[in-house]
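Peer 1: upload06.txt is reproduced below (compact mmCIF, C-alpha atoms).
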```txt
# COMPACT_ATOMS: atom_id res chain seq x y z
CA MET K 297 -57.06 -28.27 63.69
CA ALA K 298 -55.12 -26.83 60.79
CA ARG K 299 -51.40 -27.01 61.19
CA TRP K 300 -48.75 -25.30 59.15
CA GLU K 301 -47.32 -27.53 56.45
CA PRO K 302 -43.96 -26.62 54.97
CA ASN K 303 -44.07 -25.82 51.25
CA ALA K 304 -47.72 -26.77 51.08
CA ARG K 305 -48.39 -24.67 47.97
CA GLU K 306 -45.44 -26.14 46.10
CA ARG K 307 -46.29 -29.68 47.14
CA LEU K 308 -49.88 -29.25 46.01
CA SER K 309 -48.87 -27.69 42.70
CA LYS K 310 -46.41 -30.46 42.01
CA ALA K 311 -48.90 -33.19 42.92
CA ALA K 312 -51.60 -31.57 40.79
CA LEU K 313 -49.39 -31.24 37.74
CA GLU K 314 -48.27 -34.86 38.05
CA LEU K 315 -51.83 -36.07 38.24
CA PHE K 316 -53.03 -33.83 35.40
CA GLN K 317 -50.34 -35.37 33.24
CA GLU K 318 -50.91 -38.95 34.36
CA ARG K 319 -54.71 -39.02 34.34
CA GLY K 320 -55.79 -35.86 32.57
CA PHE K 321 -57.19 -32.68 34.06
CA ASP K 322 -60.84 -33.76 34.08
CA GLU K 323 -60.06 -37.07 35.72
CA THR K 324 -58.19 -35.52 38.62
CA ALA K 325 -60.11 -34.57 41.77
CA VAL K 326 -58.93 -32.19 44.46
CA ALA K 327 -59.01 -35.14 46.86
CA ASP K 328 -56.50 -36.97 44.65
CA ILE K 329 -54.21 -33.94 44.61
CA ALA K 330 -54.31 -33.54 48.37
CA GLU K 331 -53.65 -37.23 48.88
CA ARG K 332 -50.69 -37.25 46.51
CA ALA K 333 -49.25 -34.23 48.31
CA GLY K 334 -49.79 -35.85 51.70
CA LEU K 335 -52.07 -32.99 52.72
CA THR K 336 -55.78 -32.48 53.29
CA GLU K 337 -58.38 -31.08 50.91
CA ARG K 338 -58.86 -28.31 53.40
CA THR K 339 -55.23 -27.34 53.02
CA PHE K 340 -55.66 -27.39 49.24
CA PHE K 341 -58.52 -24.92 49.45
CA ARG K 342 -56.45 -22.65 51.65
CA TYR K 343 -54.20 -22.07 48.63
CA PHE K 344 -56.41 -22.58 45.59
CA ALA K 345 -60.05 -21.85 44.83
CA ASP K 346 -60.21 -24.93 42.59
CA LYS K 347 -57.93 -27.23 40.62
CA ARG K 348 -57.87 -24.86 37.66
CA GLU K 349 -56.25 -22.23 39.81
CA VAL K 350 -53.19 -24.46 40.18
CA LEU K 351 -52.62 -23.72 36.49
CA PHE K 352 -53.75 -20.10 36.35
CA GLY K 353 -52.99 -18.80 39.85
CA GLY K 354 -49.66 -17.38 38.67
CA SER K 355 -51.21 -14.99 36.21
CA SER K 356 -51.72 -12.10 38.62
CA GLU K 357 -48.04 -12.30 39.53
CA LEU K 358 -47.14 -12.17 35.83
CA HIS K 359 -49.58 -9.31 35.31
CA ASP K 360 -48.04 -7.27 38.13
CA LEU K 361 -44.52 -7.94 36.91
CA LEU K 362 -45.29 -6.89 33.33
CA ILE K 363 -47.26 -3.79 34.30
CA GLY K 364 -44.69 -2.75 36.90
CA SER K 365 -41.88 -3.13 34.37
CA ILE K 366 -43.71 -1.05 31.80
CA ALA K 367 -44.31 1.69 34.36
CA THR K 368 -40.64 1.82 35.34
CA ALA K 369 -38.98 1.32 31.93
CA PRO K 370 -36.60 4.12 30.92
CA ALA K 371 -38.44 7.22 29.75
CA THR K 372 -36.50 7.13 26.49
CA ALA K 373 -37.76 3.66 25.52
CA GLY K 374 -40.22 3.50 22.61
CA PRO K 375 -43.47 1.51 22.97
CA LEU K 376 -42.20 -1.79 21.61
CA GLU K 377 -38.91 -1.49 23.43
CA THR K 378 -40.83 -0.90 26.66
CA VAL K 379 -42.81 -4.08 26.08
CA ALA K 380 -39.57 -5.93 25.34
CA VAL K 381 -38.12 -4.77 28.67
CA ALA K 382 -41.22 -6.03 30.48
CA LEU K 383 -41.11 -9.42 28.76
CA GLN K 384 -37.44 -9.77 29.68
CA ALA K 385 -38.33 -9.06 33.29
CA SER K 386 -40.82 -11.94 33.20
CA ALA K 387 -38.19 -14.31 31.80
CA ALA K 388 -36.44 -14.65 35.16
CA MET K 389 -39.73 -15.60 36.81
CA PHE K 390 -40.38 -18.35 34.28
CA GLU K 391 -36.79 -19.56 34.37
CA GLU K 392 -37.12 -20.19 38.10
CA ARG K 393 -40.03 -22.53 37.49
CA ARG K 394 -39.04 -23.96 34.17
CA LYS K 395 -40.19 -27.49 34.89
CA PHE K 396 -43.57 -26.35 36.20
CA ALA K 397 -44.04 -24.10 33.17
CA LYS K 398 -43.31 -26.90 30.73
CA VAL K 399 -45.62 -29.44 32.31
CA ARG K 400 -48.30 -26.80 32.73
CA GLN K 401 -48.07 -26.01 29.03
CA ALA K 402 -48.42 -29.68 28.09
CA VAL K 403 -51.50 -30.05 30.31
CA ILE K 404 -53.12 -26.94 28.85
CA SER K 405 -52.32 -27.88 25.26
CA ALA K 406 -54.08 -31.20 25.71
CA HIS K 407 -57.35 -29.65 26.91
CA PRO K 408 -59.42 -27.33 24.68
CA ALA K 409 -61.21 -25.52 27.50
CA LEU K 410 -57.93 -24.85 29.30
CA ARG K 411 -56.42 -23.66 26.04
CA GLU K 412 -59.26 -21.18 25.67
CA ARG K 413 -58.73 -20.00 29.24
CA GLU K 414 -55.03 -19.48 28.52
CA LEU K 415 -55.76 -17.53 25.34
CA ILE K 416 -58.13 -15.24 27.17
CA LYS K 417 -55.56 -14.73 29.89
CA LEU K 418 -52.96 -13.70 27.31
CA VAL K 419 -55.38 -11.31 25.61
CA SER K 420 -56.19 -9.72 28.98
CA LEU K 421 -52.48 -9.36 29.66
CA ALA K 422 -52.01 -7.63 26.30
CA GLU K 423 -54.88 -5.27 27.11
CA ALA K 424 -53.37 -4.48 30.49
CA MET K 425 -49.99 -3.82 28.84
CA ALA K 426 -51.64 -1.47 26.34
CA GLU K 427 -53.23 0.46 29.21
CA ALA K 428 -49.89 0.63 31.02
CA LEU K 429 -48.30 2.03 27.86
CA GLN K 430 -51.04 4.64 27.62
CA ARG K 431 -50.28 5.70 31.17
CA ARG K 432 -46.71 6.34 29.98
CA GLY K 433 -48.11 8.67 27.35
CA VAL K 434 -48.07 6.28 24.41
CA ALA K 435 -50.98 7.13 22.13
CA GLU K 436 -53.32 4.65 20.50
CA PRO K 437 -52.92 2.77 18.23
CA ALA K 438 -49.23 2.43 19.10
CA ALA K 439 -50.08 1.21 22.59
CA ALA K 440 -52.43 -1.58 21.46
CA LEU K 441 -50.21 -2.62 18.56
CA ALA K 442 -47.05 -2.71 20.68
CA ALA K 443 -48.81 -4.74 23.38
CA GLU K 444 -50.29 -7.23 20.90
CA ALA K 445 -47.09 -7.55 18.90
CA GLY K 446 -45.22 -8.08 22.16
CA MET K 447 -47.68 -10.78 23.17
CA SER K 448 -47.16 -12.55 19.82
CA VAL K 449 -43.43 -12.44 20.44
CA PHE K 450 -43.94 -13.80 23.93
CA LYS K 451 -46.13 -16.70 22.78
CA LEU K 452 -43.64 -17.70 20.13
CA ALA K 453 -40.61 -17.40 22.41
CA PHE K 454 -42.41 -19.26 25.19
CA ALA K 455 -43.40 -22.12 22.90
CA ARG K 456 -39.81 -22.48 21.73
CA TRP K 457 -38.48 -22.35 25.24
CA THR K 458 -40.78 -25.12 26.44
CA GLU K 459 -39.51 -27.31 23.60
CA ASP K 460 -35.87 -26.46 24.12
CA ASP K 461 -33.58 -27.37 27.00
CA GLU K 462 -30.66 -25.30 25.79
CA GLN K 463 -31.45 -21.61 25.48
CA PRO K 464 -32.89 -19.42 28.20
CA LEU K 465 -36.25 -17.75 27.64
CA SER K 466 -34.58 -14.33 27.56
CA ARG K 467 -32.71 -15.34 24.44
CA HIS K 468 -35.80 -16.75 22.73
CA LEU K 469 -37.53 -13.45 23.48
CA ARG K 470 -34.74 -11.42 21.92
CA GLU K 471 -34.67 -13.63 18.85
CA ALA K 472 -38.43 -13.53 18.34
CA MET K 473 -38.42 -9.73 18.69
CA GLU K 474 -35.71 -9.46 16.05
CA GLN K 475 -37.73 -11.74 13.78
CA LEU K 476 -40.78 -9.56 14.15
CA LYS K 477 -38.74 -6.49 13.27
CA SER K 478 -37.18 -8.00 10.18
CA LEU K 479 -40.59 -9.30 9.12
CA THR K 480 -42.26 -5.91 9.30
CA ALA K 481 -39.24 -4.19 7.77
CA GLY K 482 -39.23 -6.61 4.86
CA SER K 483 -42.95 -6.84 4.31
CA GLY K 484 -42.99 -4.77 1.16
CA GLY K 485 -42.15 -7.97 -0.67
CA PRO K 486 -39.12 -10.15 -0.91
CA SER K 487 -37.07 -7.04 -1.53
CA ARG K 488 -35.77 -5.79 1.76
CA SER K 489 -36.01 -2.15 0.86
CA GLY K 490 -38.72 -0.69 3.01
CA ARG K 491 -39.51 1.81 0.30
CA GLY K 492 -40.05 -0.79 -2.40
CA ARG K 493 -43.75 -1.00 -1.91
CA ARG K 494 -44.56 -2.13 -5.40
CA ALA K 495 -44.42 -5.82 -6.08
CA ALA K 496 -40.76 -6.57 -6.60
CA PRO K 497 -39.98 -7.68 -10.13
CA ARG K 498 -37.64 -10.48 -9.18
CA ARG K 499 -36.91 -12.71 -6.26
CA ARG K 500 -33.98 -12.13 -4.03
CA PRO K 501 -33.58 -15.40 -2.18
CA ALA K 502 -30.78 -14.17 0.04
CA ALA K 503 -32.92 -11.35 1.36
CA ARG K 504 -35.77 -13.74 1.81
CA SER K 505 -33.90 -16.16 3.97
CA ARG K 506 -32.90 -13.28 6.21
CA GLU K 507 -36.51 -12.33 6.52
CA ARG K 508 -37.77 -15.73 7.45
CA MET Q 137 -95.65 -27.36 5.48
CA ALA Q 138 -92.56 -25.31 5.03
CA ARG Q 139 -92.78 -22.72 2.34
CA TRP Q 140 -90.02 -20.68 0.89
CA GLU Q 141 -89.69 -17.29 2.50
CA PRO Q 142 -87.86 -14.59 0.61
CA ASN Q 143 -84.70 -13.35 2.36
CA ALA Q 144 -85.45 -15.50 5.38
CA ARG Q 145 -81.83 -15.58 6.55
CA GLU Q 146 -81.46 -11.82 6.29
CA ARG Q 147 -84.78 -11.18 8.00
CA LEU Q 148 -83.86 -13.51 10.84
CA SER Q 149 -80.40 -11.98 11.24
CA LYS Q 150 -81.81 -8.50 11.31
CA ALA Q 151 -84.53 -9.40 13.80
CA ALA Q 152 -82.02 -11.19 16.03
CA LEU Q 153 -79.59 -8.29 16.07
CA GLU Q 154 -82.37 -5.82 16.88
CA LEU Q 155 -83.54 -7.94 19.78
CA PHE Q 156 -80.02 -8.59 21.08
CA GLN Q 157 -79.54 -4.84 21.22
CA GLU Q 158 -82.94 -4.03 22.70
CA ARG Q 159 -83.15 -6.79 25.30
CA GLY Q 160 -79.71 -8.30 25.52
CA PHE Q 161 -78.47 -11.59 24.10
CA ASP Q 162 -79.42 -13.76 27.08
CA GLU Q 163 -82.93 -12.31 27.25
CA THR Q 164 -83.72 -13.07 23.61
CA ALA Q 165 -85.27 -16.42 22.70
CA VAL Q 166 -85.34 -17.99 19.26
CA ALA Q 167 -89.14 -17.72 19.41
CA ASP Q 168 -88.82 -13.94 19.80
CA ILE Q 169 -86.49 -13.73 16.82
CA ALA Q 170 -88.79 -15.75 14.61
CA GLU Q 171 -91.78 -13.68 15.68
CA ARG Q 172 -90.02 -10.38 14.99
CA ALA Q 173 -89.00 -11.66 11.55
CA GLY Q 174 -92.54 -12.85 10.82
CA LEU Q 175 -91.28 -16.42 10.42
CA THR Q 176 -91.47 -19.65 12.36
CA GLU Q 177 -88.94 -21.14 14.77
CA ARG Q 178 -88.68 -24.02 12.38
CA THR Q 179 -87.53 -21.66 9.67
CA PHE Q 180 -84.99 -20.19 12.08
CA PHE Q 181 -83.47 -23.60 12.71
CA ARG Q 182 -83.24 -24.24 9.00
CA TYR Q 183 -80.65 -21.45 8.86
CA PHE Q 184 -79.03 -21.39 12.28
CA ALA Q 185 -78.15 -24.07 14.82
CA ASP Q 186 -78.84 -21.62 17.65
CA LYS Q 187 -79.04 -17.90 18.31
CA ARG Q 188 -75.29 -17.62 18.79
CA GLU Q 189 -74.79 -18.73 15.22
CA VAL Q 190 -76.50 -15.56 14.03
CA LEU Q 191 -73.40 -13.80 15.35
CA PHE Q 192 -70.73 -16.34 14.46
CA GLY Q 193 -72.11 -18.06 11.38
CA GLY Q 194 -70.12 -15.80 9.08
CA SER Q 195 -66.76 -16.95 10.37
CA SER Q 196 -66.32 -19.86 7.98
CA GLU Q 197 -66.90 -17.50 5.07
CA LEU Q 198 -64.24 -15.14 6.46
CA HIS Q 199 -61.91 -18.09 7.03
CA ASP Q 200 -62.27 -19.29 3.46
CA LEU Q 201 -61.78 -15.82 2.05
CA LEU Q 202 -58.61 -15.18 4.07
CA ILE Q 203 -57.09 -18.59 3.40
CA GLY Q 204 -57.98 -18.47 -0.30
CA SER Q 205 -56.43 -15.02 -0.63
CA ILE Q 206 -53.23 -16.14 1.05
CA ALA Q 207 -53.00 -19.14 -1.28
CA THR Q 208 -53.42 -17.00 -4.38
CA ALA Q 209 -51.40 -13.91 -3.39
CA PRO Q 210 -48.56 -13.02 -5.80
CA ALA Q 211 -45.57 -15.33 -5.40
CA THR Q 212 -43.36 -12.31 -4.87
CA ALA Q 213 -45.27 -11.09 -1.82
CA GLY Q 214 -43.51 -11.41 1.54
CA PRO Q 215 -45.32 -12.97 4.53
CA LEU Q 216 -46.78 -9.81 6.01
CA GLU Q 217 -47.68 -8.42 2.60
CA THR Q 218 -49.52 -11.67 1.86
CA VAL Q 219 -51.52 -11.27 5.05
CA ALA Q 220 -52.24 -7.65 4.13
CA VAL Q 221 -53.58 -8.76 0.75
CA ALA Q 222 -55.87 -11.27 2.46
CA LEU Q 223 -57.17 -8.71 4.95
CA GLN Q 224 -57.89 -6.30 2.13
CA ALA Q 225 -59.87 -9.02 0.39
CA SER Q 226 -62.02 -9.39 3.51
CA ALA Q 227 -62.68 -5.65 3.64
CA ALA Q 228 -65.14 -5.81 0.75
CA MET Q 229 -67.11 -8.53 2.52
CA PHE Q 230 -67.42 -6.44 5.69
CA GLU Q 231 -68.21 -3.28 3.77
CA GLU Q 232 -71.23 -4.97 2.23
CA ARG Q 233 -72.64 -5.65 5.68
CA ARG Q 234 -71.38 -2.66 7.52
CA LYS Q 235 -74.48 -2.10 9.58
CA PHE Q 236 -74.72 -5.73 10.62
CA ALA Q 237 -71.02 -5.75 11.53
CA LYS Q 238 -71.35 -2.70 13.73
CA VAL Q 239 -74.39 -3.88 15.64
CA ARG Q 240 -72.87 -7.34 15.97
CA GLN Q 241 -69.75 -5.81 17.49
CA ALA Q 242 -71.78 -3.82 19.99
CA VAL Q 243 -73.73 -6.94 21.03
CA ILE Q 244 -70.54 -8.96 21.46
CA SER Q 245 -68.73 -6.22 23.36
CA ALA Q 246 -71.54 -6.09 25.90
CA HIS Q 247 -71.38 -9.82 26.71
CA PRO Q 248 -68.26 -11.40 28.25
CA ALA Q 249 -68.95 -14.95 27.02
CA LEU Q 250 -69.54 -13.72 23.47
CA ARG Q 251 -66.38 -11.64 23.69
CA GLU Q 252 -64.44 -14.75 24.64
CA ARG Q 253 -65.98 -16.65 21.74
CA GLU Q 254 -64.96 -13.86 19.37
CA LEU Q 255 -61.39 -13.83 20.72
CA ILE Q 256 -61.08 -17.54 20.22
CA LYS Q 257 -62.43 -17.22 16.71
CA LEU Q 258 -59.81 -14.59 15.89
CA VAL Q 259 -57.02 -16.71 17.34
CA SER Q 260 -58.18 -19.69 15.26
CA LEU Q 261 -58.21 -17.48 12.18
CA ALA Q 262 -54.64 -16.37 12.91
CA GLU Q 263 -53.59 -20.01 13.28
CA ALA Q 264 -55.25 -20.90 9.99
CA MET Q 265 -53.50 -17.97 8.29
CA ALA Q 266 -50.14 -19.13 9.68
CA GLU Q 267 -50.76 -22.60 8.24
CA ALA Q 268 -51.74 -21.12 4.88
CA LEU Q 269 -48.49 -19.12 4.88
CA GLN Q 270 -46.54 -22.28 5.63
CA ARG Q 271 -48.15 -23.94 2.63
CA ARG Q 272 -46.75 -21.08 0.56
CA GLY Q 273 -43.29 -21.97 1.84
CA VAL Q 274 -43.05 -19.38 4.60
CA ALA Q 275 -41.01 -20.87 7.44
CA GLU Q 276 -41.74 -20.54 11.13
CA PRO Q 277 -41.55 -18.24 12.99
CA ALA Q 278 -42.27 -15.79 10.16
CA ALA Q 279 -45.59 -17.52 9.41
CA ALA Q 280 -46.92 -17.32 12.97
CA LEU Q 281 -45.61 -13.81 13.56
CA ALA Q 282 -47.00 -12.47 10.28
CA ALA Q 283 -50.40 -14.05 10.95
CA GLU Q 284 -50.58 -12.74 14.52
CA ALA Q 285 -49.32 -9.29 13.61
CA GLY Q 286 -51.86 -9.23 10.78
CA MET Q 287 -54.62 -10.18 13.19
CA SER Q 288 -53.60 -7.34 15.54
CA VAL Q 289 -53.78 -4.96 12.60
CA PHE Q 290 -57.18 -6.34 11.66
CA LYS Q 291 -58.61 -5.98 15.17
CA LEU Q 292 -57.43 -2.42 15.42
CA ALA Q 293 -58.65 -1.42 11.96
CA PHE Q 294 -61.97 -3.15 12.52
CA ALA Q 295 -62.53 -1.39 15.85
CA ARG Q 296 -61.85 1.97 14.23
CA TRP Q 297 -64.09 1.19 11.32
CA THR Q 298 -67.03 0.29 13.55
CA GLU Q 299 -66.62 3.65 15.31
CA ASP Q 300 -66.22 5.65 12.12
CA ASP Q 301 -68.74 6.38 9.41
CA GLU Q 302 -66.29 8.08 7.10
CA GLN Q 303 -63.41 5.86 6.04
CA PRO Q 304 -63.74 2.43 4.45
CA LEU Q 305 -62.27 -0.56 6.26
CA SER Q 306 -59.65 -0.96 3.53
CA ARG Q 307 -58.18 2.39 4.48
CA HIS Q 308 -58.19 1.63 8.21
CA LEU Q 309 -56.37 -1.60 7.38
CA ARG Q 310 -53.69 0.20 5.39
CA GLU Q 311 -53.20 2.78 8.09
CA ALA Q 312 -52.97 0.24 10.87
CA MET Q 313 -50.43 -1.77 8.87
CA GLU Q 314 -48.33 1.36 8.36
CA GLN Q 315 -48.54 2.06 12.05
CA LEU Q 316 -47.31 -1.41 12.89
CA LYS Q 317 -44.39 -0.95 10.54
CA SER Q 318 -43.36 2.39 11.94
CA LEU Q 319 -43.70 1.01 15.46
CA THR Q 320 -41.38 -1.93 14.84
CA ALA Q 321 -38.97 0.21 12.82
CA GLY Q 322 -38.75 2.82 15.56
CA SER Q 323 -36.80 1.34 18.43
CA GLY Q 324 -35.97 4.85 19.53
CA GLY Q 325 -37.63 7.36 21.79
CA PRO Q 326 -41.21 8.15 22.65
CA SER Q 327 -41.50 10.59 19.76
CA ARG Q 328 -42.33 7.56 17.68
CA SER Q 329 -45.49 6.90 19.57
CA GLY Q 330 -46.82 10.30 18.66
CA ARG Q 331 -46.09 9.60 15.09
CA GLY Q 332 -48.43 6.64 14.93
CA ARG Q 333 -51.22 9.04 15.55
CA ARG Q 334 -51.10 10.92 12.34
CA ALA Q 335 -52.78 9.54 9.32
CA ALA Q 336 -50.27 7.54 7.35
CA PRO Q 337 -47.74 9.94 5.90
CA ARG Q 338 -47.71 10.72 2.22
CA ARG Q 339 -50.28 8.58 0.58
CA ARG Q 340 -49.51 7.28 -2.83
CA PRO Q 341 -52.94 6.14 -3.92
CA ALA Q 342 -51.98 5.00 -7.39
CA ALA Q 343 -49.14 2.74 -6.30
CA ARG Q 344 -51.17 1.48 -3.38
CA SER Q 345 -54.22 0.51 -5.28
CA ARG Q 346 -52.10 -1.48 -7.69
CA GLU Q 347 -50.62 -3.60 -4.99
CA ARG Q 348 -53.57 -4.13 -2.71
```
Just give me the structure of the file as structure tokens.

Peer 2:
Amino acid sequence: MARWEPNARERLSKAALELFQERGFDETAVADIAERAGLTERTFFRYFADKREVLFGGSSELHDLLIGSIATAPATAGPLETVAVALQASAAMFEERRKFAKVRQAVISAHPALRERELIKLVSLAEAMAEALQRRGVAEPAAALAAEAGMSVFKLAFARWTEDDEQPLSRHLREAMEQLKSLTAGSGGPSRSGRGRRAAPRRRPAARSRER
Amino acid sequence: MARWEPNARERLSKAALELFQERGFDETAVADIAERAGLTERTFFRYFADKREVLFGGSSELHDLLIGSIATAPATAGPLETVAVALQASAAMFEERRKFAKVRQAVISAHPALRERELIKLVSLAEAMAEALQRRGVAEPAAALAAEAGMSVFKLAFARWTEDDEQPLSRHLREAMEQLKSLTAGSGGPSRSGRGRRAAPRRRPAARSRER
């Protein structure tokens, strides 16, 4: 008879991540995870469809948070600003599970098929964000570009955050967004003047280092 | 005994694309493709490892073109401008095989596994572009952001081009790049989103064709 186990989901997640790191994802069976967590396989399958879902089960929560934030962002916010607000809202969620997020990232990075799954998840999230922007009245191509640019910012900020024990994700997100803006503003060449679309005649190293 | 068949690769590609559209990718066998092309299966396998390669075999050519263009872009070009130069270089390649590109896109869009393969190919291309930018001395995160932003521009421009029989890809690329710039420049209100809709304001064809 099934009995209620306190924190079963968390215990299973933690056990799974430990084993994925110790043995590798392919070498870990659900039975091993359940054993490590002191629970049964049956309990595992009450929470997860398979072992991959331990890694990807959080994505619907992230999806809902991003889409909900886009829907409720201030009406005055432009497309990219709206995406920035949504990404900031997700930062708190990741911050709460920082250790899980870091180990998860390491496990995924080490496994090509999981990396592909993660990429596809991020692309789907960007598509969903673009649709949410459209529902706010943002026209294409601004919606798709803002969502994809936002996702690039997120990937970069997230990667830095998992390598860094100092700064919160929210700060990495702000910094990466600023970097994107200065990059697109300065893309006419090393000259920072947005109007200077012709190849600039001489280098301006100071401007360059700001850009990069 | 194998004999040389004129335009065998082109005939096989064309036959494969026709069949993928008529019957679907999964329902088409290599034998069908060879038959439609009036060639043997053996000839097919001299050109392609499998039927999927008919769709994805061009990606190393695109890779080399993009990476080569980044390496040889003017030293004065900023990161995003360098990516824009590379994308423009690819436009001629796609223009030459416009019909193939369009049908290919329709086949891929209709098949989730092929869509995933295409996504992963585009992400790999963006990673390779980021590395090529780094070799030019572009620091992170500018390299990754410029490459990813460029890939977003490419995807958008390419999608519009496959739906449009009027404008060349090079023009869609320029317009999408302008739209990205105005999006990141405009942190303000929703009026910006409407702006992205118009064709790029005030074209300056002479100056543009010199730089791109």

Peer 1: First superpose chain Q onto chain K using a least-squares fit over all Cα atoms taken in order; then report the RMSD in Å.

Peer 2: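 6.8 Å is the C-alpha RMSD between the two chains.
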
Peer 1: Skip K:Ser365 itself and residues of its chain fewer than 6 positions away, then list as a ChimeraX atom specification all residues within 12 Å of it, counting all atoms listed in the file.

Peer 2: /K:358-359,371,373,377-386,425,428-429,432

Peer 1: Which residues of stretch 218-280 of chain Q have any atom within 12 Å of an atom in stretch 433-456 of chain K when counting only C-alpha atoms, and what is the closest pair of atoms for each, with the distance in Å to one decimal? Order the rows by chain and rising number and write it as a Markdown table.

Peer 2:
```
| residue | atom | partner | partner_atom | distance |
| --- | --- | --- | --- | --- |
| Q:Val259 | CA | K:Ser448 | CA | 11.0 |
| Q:Ala262 | CA | K:Ser448 | CA | 10.9 |
| Q:Glu263 | CA | K:Ser448 | CA | 11.8 |
| Q:Glu276 | CA | K:Leu452 | CA | 9.6 |
| Q:Pro277 | CA | K:Leu452 | CA | 7.5 |
| Q:Ala278 | CA | K:Leu452 | CA | 10.2 |
| Q:Ala279 | CA | K:Leu452 | CA | 10.9 |
| Q:Ala280 | CA | K:Leu452 | CA | 7.9 |
```

Peer 1: Could you work out how far atom CA of K:Glu357 lies from atom CA of K:Glu392, giving the answer in Å with one decimal?

Peer 2: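 So the answer is 13.5 Å.
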
Peer 1: Counting only C-alpha atoms, figure out which residue out of Q:Ser195, Q:Val243, Q:Ile206, Q:Lys235 gets nearest to Q:Leu155.

Peer 2: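 Of all the options, Q:Val243 lies closest to Q:Leu155.
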
Peer 1: Calculated over only C-alpha atoms, which of the candidates Q:Glu267, Q:Lys257, Q:Ala228, Q:Leu216 has the smallest distance to chain K?

Peer 2: Q:Leu216

Peer 1: Mind checking which residues fall within 10 Å of Q:Ala165, counting all atoms listed in the file, ignoring those fewer than 3 positions away in the same chain, and posting them as a list in words?

Peer 2: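 Counting all atoms listed in the file, the residues come to Ala152, Leu155, Phe156, Phe161, Asp162, Asp168, Ile169, Ala170, Glu171, Glu177, Asp186 and Lys187 of chain Q.
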
Peer 1: Have a look at Q:Ala242, Q:Ala237, Q:Ala185, Q:Ala249 and name the one nearest to chain K; count all atoms listed in the file.

Peer 2: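 Ranking Q:Ala242, Q:Ala237, Q:Ala185, Q:Ala249 by distance to chain K, first place goes to Q:Ala249.
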
Peer 1: As an exercise, work out the distance from atom CA of Q:Gln303 to atom CA of Q:Lys238 in Å and give it to one decimal place.

Peer 2: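 It comes out at 14.0 Å.
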
Peer 1: Quick one: distance from atom CA of Q:Phe184 to atom CA of Q:Asn143 in Å, one decimal?

Peer 2: 14.0 Å

Peer 1: Of the residues Q:Gly194, Q:Pro304, Q:Gly214, Q:Pro248, which is the one nearest to chain K, using only C-alpha atoms?

Peer 2: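 Checking each candidate against chain K, we get Q:Gly214 as the closest.
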
Peer 1: Between K:Pro370, K:Ala387, K:Arg394, K:Leu465, which residue has the minimum interatomic distance to chain Q, considering all atoms listed in the file?

Peer 2: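 Checking each of K:Pro370, K:Ala387, K:Arg394, K:Leu465 against chain Q, counting all atoms listed in the file, the winner is K:Pro370.
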
Peer 1: With N, CA and C atoms as the goal, would you fill in the gaps in stretch 320-331 of chain K and present it as an mmCIF file, in the frame of the given file?

Peer 2:
```cif
data_model
loop_
_atom_site.group_PDB
_atom_site.id
_atom_site.type_symbol
_atom_site.label_atom_id
_atom_site.label_comp_id
_atom_site.auth_asym_id
_atom_site.auth_seq_id
_atom_site.Cartn_x
_atom_site.Cartn_y
_atom_site.Cartn_z
ATOM 1 N N GLY K 320 -55.006 -36.894 33.249
ATOM 2 C CA GLY K 320 -55.790 -35.860 32.570
ATOM 3 C C GLY K 320 -56.404 -34.928 33.589
ATOM 4 N N PHE K 321 -56.668 -33.713 33.165
ATOM 5 C CA PHE K 321 -57.190 -32.680 34.060
ATOM 6 C C PHE K 321 -58.576 -33.052 34.581
ATOM 7 N N ASP K 322 -59.461 -33.468 33.677
ATOM 8 C CA ASP K 322 -60.840 -33.760 34.080
ATOM 9 C C ASP K 322 -60.938 -34.932 35.047
ATOM 10 N N GLU K 323 -60.000 -35.848 34.912
ATOM 11 C CA GLU K 323 -60.060 -37.070 35.720
ATOM 12 C C GLU K 323 -59.393 -36.916 37.079
ATOM 13 N N THR K 324 -58.868 -35.740 37.349
ATOM 14 C CA THR K 324 -58.190 -35.520 38.620
ATOM 15 C C THR K 324 -59.088 -34.731 39.569
ATOM 16 N N ALA K 325 -59.310 -35.281 40.765
ATOM 17 C CA ALA K 325 -60.110 -34.570 41.770
ATOM 18 C C ALA K 325 -59.190 -33.904 42.784
ATOM 19 N N VAL K 326 -59.711 -32.875 43.423
ATOM 20 C CA VAL K 326 -58.930 -32.190 44.460
ATOM 21 C C VAL K 326 -58.497 -33.189 45.537
ATOM 22 N N ALA K 327 -59.363 -34.143 45.847
ATOM 23 C CA ALA K 327 -59.010 -35.140 46.860
ATOM 24 C C ALA K 327 -57.766 -35.936 46.448
ATOM 25 N N ASP K 328 -57.673 -36.240 45.149
ATOM 26 C CA ASP K 328 -56.500 -36.970 44.650
ATOM 27 C C ASP K 328 -55.230 -36.129 44.821
ATOM 28 N N ILE K 329 -55.367 -34.842 44.522
ATOM 29 C CA ILE K 329 -54.210 -33.940 44.610
ATOM 30 C C ILE K 329 -53.721 -33.864 46.051
ATOM 31 N N ALA K 330 -54.674 -33.657 46.953
ATOM 32 C CA ALA K 330 -54.310 -33.540 48.370
ATOM 33 C C ALA K 330 -53.646 -34.832 48.846
ATOM 34 N N GLU K 331 -54.197 -35.943 48.453
ATOM 35 C CA GLU K 331 -53.650 -37.230 48.880
ATOM 36 C C GLU K 331 -52.218 -37.402 48.374
#
```
